[in-house]
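J.: Input structure: input.tsv, which contains TSV, C-alpha atoms.
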```tsv
chain	number	residue	atom	x	y	z
A	1355	MET	CA	0.00	0.00	0.00
A	1356	LYS	CA	2.80	2.37	0.92
A	1357	GLN	CA	4.48	1.60	-2.41
A	1358	TYR	CA	1.32	2.63	-4.30
A	1359	ARG	CA	1.22	5.87	-2.40
A	1360	ARG	CA	4.81	6.59	-3.35
A	1361	ILE	CA	4.04	5.94	-7.00
A	1362	LEU	CA	0.95	8.16	-6.82
A	1363	LEU	CA	2.93	10.94	-5.22
A	1364	LEU	CA	5.74	10.75	-7.77
A	1365	SER	CA	3.33	10.63	-10.72
A	1366	LEU	CA	1.44	13.65	-9.50
A	1367	CYS	CA	4.61	15.61	-8.90
A	1368	LEU	CA	5.95	14.73	-12.34
A	1369	SER	CA	2.68	15.69	-14.03
A	1370	LEU	CA	2.72	18.93	-12.11
A	1371	PHE	CA	6.13	19.86	-13.45
A	1372	GLY	CA	5.42	18.52	-16.91
A	1373	ALA	CA	2.58	21.00	-17.22
A	1374	ALA	CA	4.89	23.95	-17.16
A	1375	ASN	CA	7.35	24.96	-19.81
A	1376	SER	CA	8.05	28.50	-18.77
A	1377	GLN	CA	10.67	30.29	-16.66
A	1378	VAL	CA	12.56	28.34	-14.03
A	1379	TYR	CA	14.13	29.89	-10.95
A	1380	LEU	CA	16.41	28.58	-8.24
A	1381	GLY	CA	17.38	30.04	-4.92
A	1382	TYR	CA	18.59	29.78	-1.38
A	1383	ARG	CA	16.96	31.35	1.69
A	1384	ASN	CA	17.43	31.66	5.45
A	1385	ALA	CA	20.78	29.81	5.21
A	1386	ARG	CA	19.01	26.46	5.40
A	1387	HIS	CA	16.58	26.19	2.52
A	1388	ILE	CA	16.95	25.80	-1.22
A	1389	PHE	CA	14.07	26.30	-3.56
A	1390	ALA	CA	13.17	25.86	-7.20
A	1391	GLY	CA	10.12	27.11	-9.02
A	1392	TYR	CA	8.34	27.53	-12.33
A	1393	ASN	CA	6.76	30.74	-13.49
A	1394	ILE	CA	3.81	29.49	-15.48
A	1395	ASN	CA	3.01	33.00	-16.64
A	1396	LYS	CA	3.15	36.50	-15.22
A	1397	SER	CA	0.71	35.64	-12.43
A	1398	PHE	CA	1.11	31.99	-11.49
A	1399	SER	CA	4.06	29.96	-10.28
A	1400	ALA	CA	4.72	26.77	-8.35
A	1401	GLU	CA	7.66	26.24	-6.02
A	1402	VAL	CA	9.35	23.45	-4.11
A	1403	GLU	CA	11.47	24.31	-1.07
A	1404	HIS	CA	13.75	21.82	0.64
A	1405	SER	CA	15.70	22.16	3.85
A	1406	LEU	CA	19.46	21.74	4.28
A	1407	TYR	CA	19.37	21.05	8.02
A	1408	ALA	CA	22.28	19.32	9.75
A	1409	GLU	CA	20.02	16.34	10.36
A	1410	LYS	CA	19.35	12.94	8.89
A	1411	PHE	CA	17.31	12.88	5.69
A	1412	GLY	CA	14.14	11.90	7.56
A	1413	PHE	CA	14.31	15.19	9.47
A	1414	GLN	CA	14.55	17.30	6.33
A	1415	ARG	CA	11.51	19.35	5.39
A	1416	VAL	CA	9.96	19.74	1.96
A	1417	ARG	CA	7.36	22.40	1.21
A	1418	LEU	CA	5.24	22.98	-1.89
A	1419	TYR	CA	3.99	26.45	-2.73
A	1420	GLY	CA	1.49	27.65	-5.30
A	1421	ASN	CA	1.89	31.35	-5.98
A	1422	TYR	CA	-0.48	33.90	-7.45
A	1423	GLN	CA	0.84	37.39	-8.03
A	1424	SER	CA	-0.89	40.43	-9.43
A	1425	ASP	CA	-0.22	44.16	-9.78
A	1426	PHE	CA	-2.91	46.82	-10.08
A	1427	ASN	CA	-1.21	50.14	-10.73
A	1428	ASN	CA	0.84	50.71	-7.55
A	1429	PHE	CA	-0.85	47.98	-5.60
A	1430	GLY	CA	0.69	44.50	-5.46
A	1431	LEU	CA	-0.80	41.28	-4.17
A	1432	LYS	CA	0.79	37.87	-3.73
A	1433	VAL	CA	-1.00	34.81	-2.38
A	1434	SER	CA	1.02	31.67	-1.65
A	1435	PRO	CA	-0.75	28.67	-0.17
A	1436	TYR	CA	1.69	25.97	0.94
A	1437	PHE	CA	1.96	22.50	2.33
A	1438	GLY	CA	5.06	21.15	4.07
A	1439	THR	CA	6.16	17.97	5.78
A	1440	LEU	CA	9.20	16.29	7.25
A	1441	TRP	CA	10.21	13.27	5.20
A	1442	ASN	CA	9.74	11.02	8.23
A	1443	GLY	CA	6.20	12.37	8.66
A	1444	ASP	CA	6.75	13.66	12.21
A	1445	TYR	CA	4.76	16.78	11.44
A	1446	GLN	CA	3.10	18.62	8.58
A	1447	ASP	CA	2.31	22.29	8.23
A	1448	PHE	CA	0.06	24.13	5.85
A	1449	GLY	CA	-1.16	27.66	5.46
A	1450	ALA	CA	-0.73	30.66	3.23
A	1451	LEU	CA	1.35	33.77	2.86
A	1452	VAL	CA	-0.83	36.67	1.75
A	1453	ALA	CA	1.22	39.77	0.97
A	1454	ALA	CA	-0.09	43.18	-0.05
A	1455	SER	CA	2.12	46.11	-0.98
A	1456	TYR	CA	1.71	49.66	-2.23
A	1457	THR	CA	4.44	51.63	-4.00
A	1458	LEU	CA	4.70	55.33	-3.29
A	1459	GLY	CA	7.61	56.69	-5.29
A	1460	ARG	CA	10.75	55.15	-3.79
A	1461	PHE	CA	8.90	53.68	-0.82
A	1462	THR	CA	7.04	50.38	-0.73
A	1463	PRO	CA	5.28	49.43	2.49
A	1464	ALA	CA	4.02	45.84	2.57
A	1465	PHE	CA	2.05	43.69	4.96
A	1466	THR	CA	2.02	39.89	5.03
A	1467	ALA	CA	-0.51	37.72	6.80
A	1468	ASN	CA	0.42	34.10	7.48
A	1469	PRO	CA	-2.20	31.77	8.91
A	1470	ASN	CA	-0.27	28.57	9.65
A	1471	TYR	CA	-1.33	25.19	10.97
A	1472	ASP	CA	1.32	22.83	12.31
A	1473	THR	CA	0.11	19.35	13.24
A	1474	GLN	CA	2.01	19.56	16.56
A	1475	LEU	CA	2.06	23.27	17.36
A	1476	LYS	CA	-1.50	23.76	16.06
A	1477	PHE	CA	-2.82	27.02	14.57
A	1478	LYS	CA	-0.94	30.28	14.75
A	1479	PHE	CA	-1.49	33.54	12.94
A	1480	ASN	CA	1.77	35.21	11.94
A	1481	TYR	CA	2.35	38.51	10.22
A	1482	SER	CA	5.02	40.86	9.01
A	1483	ALA	CA	5.23	44.57	8.20
A	1484	LEU	CA	7.93	45.74	5.84
A	1485	LEU	CA	9.18	49.03	4.46
A	1486	SER	CA	11.37	48.91	1.38
A	1487	VAL	CA	13.19	51.89	-0.13
A	1488	LYS	CA	14.56	51.95	-3.66
A	1489	VAL	CA	18.05	53.47	-3.47
A	1490	ILE	CA	19.05	52.93	-7.10
A	1491	LYS	CA	17.57	50.80	-9.85
A	1492	GLU	CA	19.55	47.76	-8.74
A	1493	LEU	CA	19.34	48.23	-4.99
A	1494	ASP	CA	16.55	48.31	-2.42
A	1495	ILE	CA	17.04	48.47	1.33
A	1496	PHE	CA	14.40	47.26	3.74
A	1497	GLY	CA	13.40	46.84	7.35
A	1498	GLU	CA	10.82	44.33	8.47
A	1499	PHE	CA	9.15	43.37	11.71
A	1500	THR	CA	7.96	39.79	11.48
A	1501	THR	CA	6.55	36.87	13.40
A	1502	VAL	CA	6.57	34.61	10.32
A	1503	PRO	CA	8.78	31.62	11.23
A	1504	GLU	CA	12.19	31.54	9.59
A	1505	TYR	CA	12.31	27.84	10.43
A	1506	ARG	CA	9.44	26.29	12.33
A	1507	ILE	CA	8.78	28.23	15.51
A	1508	SER	CA	7.28	31.69	15.33
A	1509	GLU	CA	9.58	34.38	16.76
A	1510	LYS	CA	9.35	38.16	16.90
A	1511	ARG	CA	12.24	39.43	14.82
A	1512	LEU	CA	13.46	42.58	13.14
A	1513	ARG	CA	15.05	41.94	9.75
A	1514	LEU	CA	17.24	44.53	8.08
A	1515	GLY	CA	18.74	44.00	4.68
A	1516	CYS	CA	19.23	45.03	1.11
A	1517	ASP	CA	18.19	43.52	-2.15
A	1518	PHE	CA	20.66	43.70	-5.03
A	1519	HIS	CA	19.03	42.73	-8.29
A	1520	VAL	CA	20.95	42.77	-11.53
A	1521	GLY	CA	19.56	40.99	-14.56
A	1522	LYS	CA	18.36	37.58	-13.54
A	1523	LEU	CA	20.26	37.45	-10.28
A	1524	SER	CA	19.02	38.74	-6.96
A	1525	ALA	CA	21.15	38.69	-3.79
A	1526	CYS	CA	19.78	39.72	-0.46
A	1527	PRO	CA	22.02	40.00	2.63
A	1528	ILE	CA	19.90	40.14	5.79
A	1529	VAL	CA	20.54	40.63	9.49
A	1530	SER	CA	17.78	39.10	11.60
A	1531	LEU	CA	17.59	40.42	15.16
A	1532	PRO	CA	15.46	39.03	17.97
A	1533	VAL	CA	13.17	41.51	19.70
A	1534	GLU	CA	11.99	39.31	22.57
A	1535	ASP	CA	13.40	39.54	26.09
A	1536	GLY	CA	16.02	36.96	26.91
A	1537	VAL	CA	16.62	35.90	23.31
A	1538	LYS	CA	20.12	36.72	22.09
A	1539	SER	CA	20.33	35.06	18.70
A	1540	VAL	CA	21.38	37.26	15.80
A	1541	ARG	CA	21.26	35.59	12.42
A	1542	VAL	CA	22.97	36.72	9.24
A	1543	TYR	CA	21.77	35.41	5.90
A	1544	CYS	CA	22.46	35.98	2.27
A	1545	ASP	CA	19.52	34.86	0.20
A	1546	PHE	CA	19.93	34.27	-3.54
A	1547	ARG	CA	17.59	33.83	-6.43
A	1548	PHE	CA	18.45	33.22	-10.09
A	1549	THR	CA	15.90	33.08	-12.87
A	1550	PHE	CA	16.91	31.16	-16.00
B	351	MET	CA	-4.39	27.14	-15.58
B	352	ILE	CA	-7.25	25.40	-13.81
B	353	ASN	CA	-5.61	22.10	-14.70
B	354	PHE	CA	-2.41	23.25	-13.13
B	355	PHE	CA	-4.12	24.08	-9.85
B	356	LYS	CA	-6.00	20.80	-9.92
B	357	ARG	CA	-2.71	18.98	-10.24
B	358	PHE	CA	-1.12	21.04	-7.51
B	359	PHE	CA	-4.05	20.37	-5.20
B	360	MET	CA	-3.96	16.63	-5.96
B	361	ALA	CA	-0.22	16.52	-5.36
B	362	SER	CA	-0.73	18.18	-1.95
B	363	ILE	CA	-3.47	15.72	-1.03
B	364	ALA	CA	-1.23	12.84	-2.10
B	365	VAL	CA	1.59	14.10	0.08
B	366	MET	CA	-0.77	14.41	3.05
B	367	ALA	CA	-2.14	10.91	2.47
B	368	PHE	CA	1.37	9.55	2.12
B	369	PHE	CA	2.44	10.83	5.51
B	370	SER	CA	-0.80	10.75	7.44
B	371	CYS	CA	-0.41	7.20	8.76
B	372	ASP	CA	3.06	7.77	10.22
B	373	ASN	CA	3.29	8.57	13.91
B	374	ASP	CA	3.84	12.10	15.20
B	375	SER	CA	5.69	11.48	18.43
B	376	MET	CA	8.36	14.19	18.42
B	377	ASP	CA	9.14	15.42	21.94
B	378	THR	CA	9.40	19.00	23.07
B	379	LEU	CA	12.97	19.77	24.10
B	380	ALA	CA	13.26	22.08	27.12
B	381	PHE	CA	16.72	23.60	27.51
B	382	VAL	CA	17.69	24.63	31.04
B	383	GLY	CA	20.84	26.34	32.17
B	384	ASP	CA	22.99	29.45	32.23
B	385	SER	CA	24.03	31.94	29.57
B	386	GLU	CA	25.29	29.12	27.33
B	387	VAL	CA	21.65	28.10	26.98
B	388	ALA	CA	20.24	31.62	26.93
B	389	ARG	CA	22.48	32.46	23.95
B	390	TRP	CA	21.82	29.21	22.11
B	391	ASP	CA	19.78	29.88	18.95
B	392	LEU	CA	17.59	26.83	19.40
B	393	PRO	CA	15.14	27.36	16.51
B	394	TYR	CA	18.15	27.65	14.18
B	395	TYR	CA	20.08	24.61	15.42
B	396	PHE	CA	16.99	22.41	15.94
B	397	PRO	CA	14.78	23.69	13.13
B	398	THR	CA	12.40	20.75	13.03
B	399	ARG	CA	11.86	20.36	16.76
B	400	ILE	CA	9.71	22.13	19.31
B	401	VAL	CA	12.16	23.84	21.64
B	402	GLU	CA	11.86	25.90	24.84
B	403	ASN	CA	14.69	28.07	26.12
B	404	HIS	CA	14.86	28.30	29.92
B	405	GLY	CA	18.40	29.65	29.97
B	406	ARG	CA	19.30	32.47	32.33
B	407	SER	CA	22.53	34.42	32.25
B	408	GLY	CA	24.55	34.04	35.44
B	409	ALA	CA	22.49	31.07	36.65
B	410	GLY	CA	23.96	28.45	38.94
B	411	ILE	CA	22.67	25.24	40.43
B	412	ASP	CA	20.21	27.16	42.65
B	413	TYR	CA	18.36	28.18	39.47
B	414	VAL	CA	17.98	24.52	38.49
B	415	GLU	CA	16.76	23.77	42.01
B	416	SER	CA	14.15	26.50	41.69
B	417	LEU	CA	12.71	24.67	38.66
B	418	ALA	CA	12.17	21.42	40.57
B	419	GLY	CA	9.27	19.38	39.28
B	420	LYS	CA	8.46	21.72	36.39
B	421	PHE	CA	9.48	19.36	33.61
B	422	LYS	CA	7.48	16.23	34.36
B	423	ASP	CA	7.06	13.99	31.28
B	424	LYS	CA	9.37	16.19	29.22
B	425	THR	CA	12.80	15.86	27.66
B	426	VAL	CA	15.26	18.30	29.18
B	427	VAL	CA	18.71	19.40	28.07
B	428	VAL	CA	20.90	20.89	30.82
B	429	VAL	CA	24.03	23.04	30.69
B	430	ILE	CA	24.88	24.37	34.14
B	431	GLY	CA	27.71	24.74	36.59
B	432	THR	CA	30.24	27.19	35.21
B	433	ASN	CA	28.92	30.09	37.33
B	434	ASP	CA	29.34	28.12	40.55
B	435	LEU	CA	33.00	27.25	40.06
B	436	TYR	CA	34.34	30.08	42.20
B	437	LYS	CA	32.59	28.43	45.18
B	438	LEU	CA	34.73	25.33	44.67
B	439	ILE	CA	38.14	26.97	44.73
B	440	ASP	CA	38.55	26.09	48.41
B	441	GLY	CA	37.05	22.60	48.14
B	442	GLY	CA	33.59	21.14	48.60
B	443	LEU	CA	33.55	19.57	45.19
B	444	ASP	CA	32.00	16.25	46.25
B	445	LEU	CA	29.18	17.90	48.16
B	446	TYR	CA	28.51	20.25	45.26
B	447	ALA	CA	28.45	17.30	42.83
B	448	LEU	CA	25.81	15.55	44.95
B	449	ARG	CA	23.70	18.71	45.08
B	450	TYR	CA	24.21	19.17	41.34
B	451	VAL	CA	22.95	15.69	40.48
B	452	GLU	CA	20.00	15.97	42.88
B	453	ALA	CA	19.00	19.27	41.24
B	454	ILE	CA	19.11	17.67	37.78
B	455	LYS	CA	17.01	14.73	38.97
B	456	GLY	CA	14.68	17.15	40.74
B	457	LEU	CA	13.59	18.62	37.43
B	458	GLY	CA	11.44	15.54	37.12
B	459	ALA	CA	12.07	15.06	33.41
B	460	ASP	CA	11.27	11.83	31.61
B	461	ARG	CA	14.62	12.02	29.90
B	462	THR	CA	17.55	14.32	30.55
B	463	PHE	CA	20.57	15.15	28.41
B	464	LEU	CA	23.27	16.57	30.65
B	465	TYR	CA	26.29	18.26	29.11
B	466	SER	CA	29.54	18.18	31.00
B	467	ILE	CA	30.70	21.63	32.09
B	468	PHE	CA	32.58	23.38	29.29
B	469	PRO	CA	36.26	24.40	29.64
B	470	ARG	CA	36.88	28.11	30.14
B	471	ASN	CA	39.50	30.81	30.26
B	472	PHE	CA	37.55	34.00	30.86
B	473	ALA	CA	39.35	37.31	31.26
B	474	SER	CA	38.12	37.74	34.85
B	475	ASP	CA	39.11	34.21	35.96
B	476	THR	CA	41.51	34.54	38.86
B	477	VAL	CA	42.45	30.86	38.91
B	478	ASP	CA	42.63	28.08	36.34
B	479	PHE	CA	39.20	26.51	36.60
B	480	ASN	CA	39.80	23.74	34.09
B	481	ASP	CA	41.24	21.31	36.64
B	482	ILE	CA	38.23	21.85	38.90
B	483	ILE	CA	35.90	21.37	35.92
B	484	ARG	CA	37.63	18.13	34.97
B	485	GLN	CA	37.28	16.73	38.50
B	486	LEU	CA	33.69	17.88	38.84
B	487	ASN	CA	32.72	16.40	35.47
B	488	LYS	CA	34.30	13.10	36.48
B	489	VAL	CA	32.35	12.91	39.75
B	490	VAL	CA	29.06	13.94	38.11
B	491	LYS	CA	29.55	11.40	35.34
B	492	THR	CA	29.98	8.67	37.93
B	493	LEU	CA	26.95	9.79	39.91
B	494	VAL	CA	24.61	9.77	36.89
B	495	ALA	CA	26.05	6.63	35.31
B	496	GLU	CA	23.40	4.31	36.69
B	497	ASP	CA	20.42	6.57	36.10
B	498	VAL	CA	18.92	5.39	32.81
B	499	SER	CA	16.88	8.59	32.41
B	500	ILE	CA	20.03	10.74	32.24
B	501	THR	CA	22.27	10.75	29.19
B	502	TYR	CA	25.58	12.35	30.00
B	503	ILE	CA	27.25	14.21	27.11
B	504	PRO	CA	31.02	14.46	27.68
B	505	ILE	CA	31.81	17.56	25.64
B	506	PHE	CA	34.78	18.95	27.64
B	507	ASP	CA	37.50	17.33	25.52
B	508	ASP	CA	35.85	18.40	22.28
B	509	LEU	CA	35.93	22.04	23.36
B	510	TYR	CA	39.28	22.00	25.15
B	511	SER	CA	42.64	23.01	23.70
B	512	SER	CA	45.62	21.42	25.46
B	513	GLU	CA	47.95	23.91	23.79
B	514	THR	CA	46.39	26.86	25.58
B	515	ASN	CA	44.89	24.96	28.53
B	516	SER	CA	41.58	26.66	27.85
B	517	ILE	CA	38.52	26.46	25.72
B	518	ASN	CA	39.56	26.16	22.09
B	519	HIS	CA	39.39	29.68	20.69
B	520	GLN	CA	37.81	28.32	17.56
B	521	TYR	CA	34.71	27.75	19.66
B	522	SER	CA	34.71	30.82	21.88
B	523	TYR	CA	35.74	34.41	21.37
B	524	ASP	CA	35.80	35.46	25.03
B	525	GLY	CA	37.01	32.23	26.64
B	526	LEU	CA	33.64	31.47	28.23
B	527	HIS	CA	30.68	31.80	25.90
B	528	LEU	CA	30.41	29.66	22.82
B	529	ASN	CA	30.37	31.21	19.36
B	530	ASP	CA	28.51	29.83	16.33
B	531	PHE	CA	31.15	27.14	15.75
B	532	GLY	CA	30.86	26.03	19.37
B	533	TYR	CA	27.09	25.87	19.19
B	534	GLU	CA	27.32	23.94	15.93
B	535	LEU	CA	29.49	21.37	17.70
B	536	ILE	CA	27.35	20.91	20.80
B	537	SER	CA	24.14	20.88	18.73
B	538	LYS	CA	25.55	18.17	16.51
B	539	LYS	CA	26.44	16.05	19.54
B	540	LEU	CA	22.92	16.32	20.85
B	541	THR	CA	21.31	15.68	17.48
B	542	GLN	CA	23.25	12.43	17.21
B	543	LEU	CA	21.75	11.28	20.50
B	544	LEU	CA	18.15	12.31	19.90
```
Using structure tokens, write down the structure from this file.
T.:
Amino acid sequence: MKQYRRILLLSLCLSLFGAANSQVYLGYRNARHIFAGYNINKSFSAEVEHSLYAEKFGFQRVRLYGNYQSDFNNFGLKVSPYFGTLWNGDYQDFGALVAASYTLGRFTPAFTANPNYDTQLKFKFNYSALLSVKVIKELDIFGEFTTVPEYRISEKRLRLGCDFHVGKLSACPIVSLPVEDGVKSVRVYCDFRFTF
Amino acid sequence: MINFFKRFFMASIAVMAFFSCDNDSMDTLAFVGDSEVARWDLPYYFPTRIVENHGRSGAGIDYVESLAGKFKDKTVVVVIGTNDLYKLIDGGLDLYALRYVEAIKGLGADRTFLYSIFPRNFASDTVDFNDIIRQLNKVVKTLVAEDVSITYIPIFDDLYSSETNSINHQYSYDGLHLNDFGYELISKKLTQLL
């Protein structure tokens, strides 16, 4: 029975990717996740994210995202439902990232809502508020207050960074600072994304 | 486009079905101790686990005693002792070791992972504490050896540099607190045992 399920899963995944023949992108985020996606068209994309944790394979996490993105004049909207699981099945999580932004000249404030259900931690509503400033065509700087988990557990963090984007490459160094009492962990990331 | 979303939805359902009959018995890990715990970025080093940080800077064994009975049916990870070393300069090591082990047992945890005390060479250290730490670790190890609920993690030698008779400076910038490389090492040790 388990074998049939594996075959079903693989077939569905293959058919999913076979359906798309548009832009492909690859990337790396939060120092511990790689991702690959297909832009079906200007609005729709699908993405697979996999962890690079210092754990056995069973404790690695895979997450599937479906993305819808739309711009109406200065207003931007992105909706990304997702489903994730550890390979050993210890827990699953599903939810959505719903991001709305509005561009005012060089400034782009954005708000993200993230309802998330984890089969062990149960339901939690996370959110983030971001302000991005375009410095030059190839460089934005941003500050963000967020409770959206960088890994699994929701934490209150302030993220400061810049987004260099030249051609098909985007690089985004980020400093992530805790804003809760007693927590002293500062994280430094450099996220990448390359679109083929 | 509708077909694409149908396929995506079906793939998600298949993944859920695939994993739904596996068990979901991952324990919560409660970390108790001094600043070494308080500074430990637990969500980063244990990204798939549910972790609680009960670390307190400057804490000694009295802090662990104050948490007696609060971790019933849980898995606890303990790093404690380095802030009490100055009390042992003039002796009393055996008595302290007994109190230390009783405090750990007093937490009431189902399972306990106890790290040996880390080597140190802090700027304000007036004496070489590493000999005391070695002796204390040895006594504690003996005392917990027969308790099946306590897993002792002998990390002293991994962090120690015999060349400098101190904590290896690859793992600590100030001679006391671990840096990212140190935390990577101790996290890996624990992960192997979980």
J.: Neighbours of Thr501 in chain B within 10 Å (all atoms listed in the file; same-chain residues fewer than 2 positions away dropped), as a list in words?
T.: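 Counting only the stated atoms, we get Val427, Arg461, Thr462, Phe463, Leu464, Tyr465, Lys491, Val494, Ala495, Glu496, Asp497, Val498, Ser499, Ile503, Pro504 and Leu543 of chain B.
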J.: Restricting the calculation to all atoms listed in the file, which member of B:Val401, B:Leu435, B:Ala418, B:Val451 is positioned closest to chain A?
T.: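 For chain A, the nearest of the candidates is B:Val401.
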J.: So which residues touch Phe1398 in chain A within 9 Å, counting only C-alpha atoms, skipping near sequence neighbours fewer than 2 positions away, as a PyMOL selection string?
T.: (chain A and resi 1392-1396+1400+1420-1424) or (chain B and resi 351)
J.: Which protein, DNA or RNA residues are at most 9 Å from (33.1, 28.2, 29.4) in the file's coordinates when you count all atoms listed in the file, listed as a list of chain:residue names?
T.: B:Glu386, B:Thr432, B:Ile467, B:Phe468, B:Pro469, B:Arg470, B:Asn471, B:Phe472, B:Ser516, B:Ile517, B:Ser522, B:Asp524, B:Gly525, B:Leu526, B:His527, B:Leu528
J.: For CA of Asp423 in chain B and CA of Phe506 in chain B, determine how far apart the two atoms are, in Å to one decimal place.
T.: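 These atoms are spaced 28.4 Å apart.
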J.: Can you list, as a list in words, every protein, DNA or RNA residue that comes within 6 Å of Glu1401 in chain A when you count only C-alpha atoms, leaving out same-chain residues fewer than 3 positions away?
T.: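 My reading of the contact set: Ala1390, Gly1391, Leu1418 and Tyr1419 of chain A.
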J.: Go through A:Val1378, A:Val1402, A:Ala1525, A:Leu1451 one by one, measure the shortest atom-to-atom distance of each to chain B using all atoms listed in the file, and give the residue with the smallest value.
T.: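 So, comparing all the options, the nearest one is A:Val1402.
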J.: CA of Gly419 in chain B to CA of Gln1474 in chain A: how many Å, to one decimal?
T.: 23.9 Å
J.: Measuring atom to atom with only C-alpha atoms, identify which of A:Arg1386, A:Lys1432, A:Lys1522, A:Lys1538 is nearest to chain B.
T.: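 Nearest candidate to chain B out of A:Arg1386, A:Lys1432, A:Lys1522, A:Lys1538: A:Lys1538.
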J.: What's the 12 Å shell around Leu445 in chain B, counting only C-alpha atoms, without same-chain residues fewer than 6 positions away, as a ChimeraX atom specification?
T.: /B:437-438,451-452,486,489-490,493
J.: Report as a PyMOL selection string all protein, DNA and RNA residues lying within 12 Å of Asp440 in chain B, evaluated on all atoms listed in the file, omitting residues in the same chain fewer than 5 positions from it.
T.: chain B and resi 435+477+479+482
J.: Would you export the selected residues with C-alpha atoms as a PDB file, in the coordinates of the input, please?
T.:
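Writing done, so here's part-v1.pdb:
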```
ATOM      1  CA  LEU B 435      33.000  27.250  40.060  1.00  0.00           C
ATOM      2  CA  VAL B 477      42.450  30.860  38.910  1.00  0.00           C
ATOM      3  CA  PHE B 479      39.200  26.510  36.600  1.00  0.00           C
ATOM      4  CA  ILE B 482      38.230  21.850  38.900  1.00  0.00           C
TER       5      ILE B 482
END
```
J.: State, in Å with one decimal place, the distance from CA of Leu535 in chain B to CA of Leu443 in chain B.
T.: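 Computing the Euclidean distance for CA of Leu535 in chain B and CA of Leu443 in chain B yields 27.8 Å.
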J.: Of the candidates A:Gly1443, A:Gly1430, A:Gly1459, A:Gly1497, which shows the shortest atom-to-atom distance to Leu1531 in chain A, using all atoms listed in the file?
T.: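 Looking only at the distances to Leu1531 in chain A, the closest residue turns out to be A:Gly1497.
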J.: Would you mind telling me which residue in B:Arg389, B:His519, B:Lys424, B:Arg449 lies nearest to chain A when using only C-alpha atoms?
T.: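 Of all the options, B:Arg389 lies closest to chain A.
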J.: Find, counting all atoms listed in the file, the residue in A:Leu1431, A:Leu1440, A:Val1502, A:Ala1467 that gets nearest to chain B.
T.: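 Selected residue with least distance to chain B: A:Leu1440.
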